[in-house]
Structure formats: C-alpha cells, structure tokens
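S.K.: Sharing a structure below in structure tokens format, with a few things to ask.
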Amino acid sequence: MLRISEIFFSLQGETSRMGLPTVFVRLTGCPLRCGYCDTSYAFSGGKSMDINAIISEVASFSPRFITVTGGEPLAQADCLILLTALCDRGYSVSLETSGALDVSQVDPRVSRILDIKTPGSGEVEKNYWDNLICLTSHDEIKFVLCDQADYSWARQKFLELKLDTICPVLFSPAYNQLAPAELAGWILRDRLPVRLQLQLHKLLWGECAGK
C-alpha cells in the first residue's frame with residue numbers, strides 16, 4: 001500500500017522530458033521542508049491505494065511516460081515496488097527525488113532525477129552525497145537556485161565533483177525568487193555546461209495542483 005496525494009495527466013514541466021505528455025503519481029509525505037516548496041499540500045492527506053489500483057488508474061490515461069514524485073516518494077518503502085511494477089509494464093519511468101534518501105535500490109530502468117539541495121533551500125545538510133556514486137548517464141542532477149549565492153555554491157559543487165561526467169545537470173531558478181534571465185547570464189558568463197531549466201507547467205498554468 002502507498003499513500004497517494006494525486007494521480008494526473010499533464011505535460012512534463014522539467015528535465016530532458018520537458019513537454020512530453022506524462023502521467024504523474026504524487027506520493028504523500030516528505031521529511032524535508034524546503035523554503036521554495038510548491039507541493040506542501042502533499043506533506044499529508046491523500047488516500048491509501050494498493051499498487052494494482054495505482055497501475056490501473058495510470059493505465060486509464062494510456063501513457064508512455066510516467067513520473068513518480070512527491071513530496072519525497074522514497075520516504076515510502078513500497079515506492080520501490082511501484083517503480084519496478086511500472087517498468088515491468090513497459091512504461092518509461094522517471095523518479096523525482098530530493099537527494100536526501102538512498103537511491104541505490106531504485107530499479108535501474110528508472111531515470112532518477114536527483115535534486116541537490118542548496119543553502120537557499122534551507123535543507124543543504126540533508127544531501128546524501130553517496131547517491132552520486134549510483135548515478136549513470138541515464139539519470140539527471142538538478143539544482144534549484146534561490147539567488148547568486150546558491151548559484152556560486154552549485155557552480156563550485158559542479159566543478160569540484162565533476163558532475164557533468166556523471167549525467168546531465170540542470171540549473172533551475174526558484175519560481176518567483178530568481179529571474180531566469182539573470183541565471184542565464186551567469187551560466188553564459190562562466191561557460192558552464194549545464195542546462196537552464198524553466199518549469200514549463202508554471203509558465204502554462206501557474207501554481208496549481210494537478211498540473
């Protein structure tokens with residue numbers, strides 16, 4: 001059984017899958033409290049569903065792409081079972097995770113989107129750096145940046161840990177906190193080989209659940 005906040009069909013707003021029609025399975029609960037969190041409604045509530053019921057609802061959309069997200073989906077142990085079950089049914093599955101919990105047991109067919117927490121998030125001490133050992137070119141690393149100090153910190157981590165030799169790296173401005181054009185200018189100035197990521201779903205629909 002898993003506690004589910006919502007299951008919905010939308011366009012993927014982030015990562016290299018941006019723009020692709022995707023079913024999102026949002027799990028309830030998260031051990032972090034990032035200052036810019038846009039899904040605090042998923043911290044509690046939701047409904048309990050068994051994996052067969054989740055898969056049945058997902059299948060009703062006839063999707064190709066599935067994203068399992070939260071909250072922090074890995075906070076529920078049975079998330080690993082769900083991920084494998086979705087892969088077994090032939091879906092292209094991605095997992096959006098905070099980077100605070102171990103991802104080594106995630107089915108290797110899943111694309112792990114690892115969100116490294118910056119100082120501006122208020123949760124930088126929660127980063128589980130051993131996760132980097134597990135990642136492959138199939139995965140992606142994301143930084144959500146609140147200001148120039150966050151950018152400088154992320155740039156240093158990028159260079160120090162040679163993150164571009166592991167997998168694609170995404171730099172995203174915190175919504176309504178950092179101007180995208182300002183972040184773009186820093187990336188270009190520093191010739192940093194990262195992808196600037198904007199949240200497509202917010203450009204289309206603003207901040208609302210189910211989108």
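Residue numbering restarts at 1 for every chain of the structure tokens, chains are lettered A, B, ... in their displayed order, and ligands are numbered from 1 as they appear.
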As a PyMOL selection string, please: the residues near Leu95 (chain A) (cut-off 12 Å, only C-alpha atoms, same-chain neighbours under 2 positions excluded).
M.R.: chain A and resi 14-15+17+23-27+65-74+79-80+82-84+86-87+92-93+97-99+103+106-115+138-141
S.K.: Extract, using only C-alpha atoms, all DNA, RNA and protein residues at most 9 Å from region 34-47 of chain A, discarding same-chain residues fewer than 6 positions from it, and format them as a list in words.
M.R.: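 The residues that qualify are Leu2, Arg3, Ile4, Ser5, Glu6, Arg26, Leu27, Thr28, Gly70, Gly71, Glu72, Lys117, Gly120, Ser121, Gly122, Glu123, Val144, Cys146, Ala174, Tyr175, Gln177, Glu207, Cys208 and Ala209 of chain A.
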S.K.: Among region 78-117 of chain A, which ones does DSSP place in alpha helix (DSSP H), written as a PyMOL selection string?
M.R.: chain A and resi 79-88
S.K.: Point out the residue among A:Ser104, A:Ser10, A:Gln148, A:Ser62 with the least atom-to-atom distance to Ala179 (chain A), counting only C-alpha atoms.
M.R.: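 Ranked by minimum distance to Ala179 (chain A), first place goes to A:Gln148.
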S.K.: In Å to one decimal, how far is CA of Ser48 (chain A) from CA of Gly90 (chain A)?
M.R.: 24.4 Å
S.K.: Could you give me, as a PyMOL selection string, the residues within 7 Å of Ile166 (chain A), counting only C-alpha atoms and dropping anything in the same chain fewer than 2 positions from it?
M.R.: chain A and resi 135-137+163-164
S.K.: Would you mind exporting N, CA, C and O atoms of the selected residues as a PDB file, in the first residue's frame?
M.R.:
```pdb
ATOM      1  N   LEU A 135      24.654   7.058  -9.659  1.00  0.00           N
ATOM      2  CA  LEU A 135      24.048   7.630 -10.861  1.00  0.00           C
ATOM      3  C   LEU A 135      24.777   7.221 -12.130  1.00  0.00           C
ATOM      4  O   LEU A 135      25.978   6.973 -12.125  1.00  0.00           O
ATOM      5  N   THR A 136      24.027   7.187 -13.235  1.00  0.00           N
ATOM      6  CA  THR A 136      24.580   6.884 -14.553  1.00  0.00           C
ATOM      7  C   THR A 136      24.120   7.964 -15.534  1.00  0.00           C
ATOM      8  O   THR A 136      23.365   8.871 -15.177  1.00  0.00           O
ATOM      9  N   SER A 137      24.535   7.830 -16.772  1.00  0.00           N
ATOM     10  CA  SER A 137      24.149   8.806 -17.799  1.00  0.00           C
ATOM     11  C   SER A 137      22.645   8.798 -18.065  1.00  0.00           C
ATOM     12  O   SER A 137      22.106   9.716 -18.694  1.00  0.00           O
ATOM     13  N   LEU A 163      30.433  16.901 -12.006  1.00  0.00           N
ATOM     14  CA  LEU A 163      29.096  16.329 -12.163  1.00  0.00           C
ATOM     15  C   LEU A 163      28.734  16.059 -13.620  1.00  0.00           C
ATOM     16  O   LEU A 163      27.949  15.142 -13.905  1.00  0.00           O
ATOM     17  N   ASP A 164      29.306  16.840 -14.540  1.00  0.00           N
ATOM     18  CA  ASP A 164      28.964  16.621 -15.948  1.00  0.00           C
ATOM     19  C   ASP A 164      29.545  15.327 -16.498  1.00  0.00           C
ATOM     20  O   ASP A 164      29.169  14.894 -17.591  1.00  0.00           O
TER      21      ASP A 164
END
```
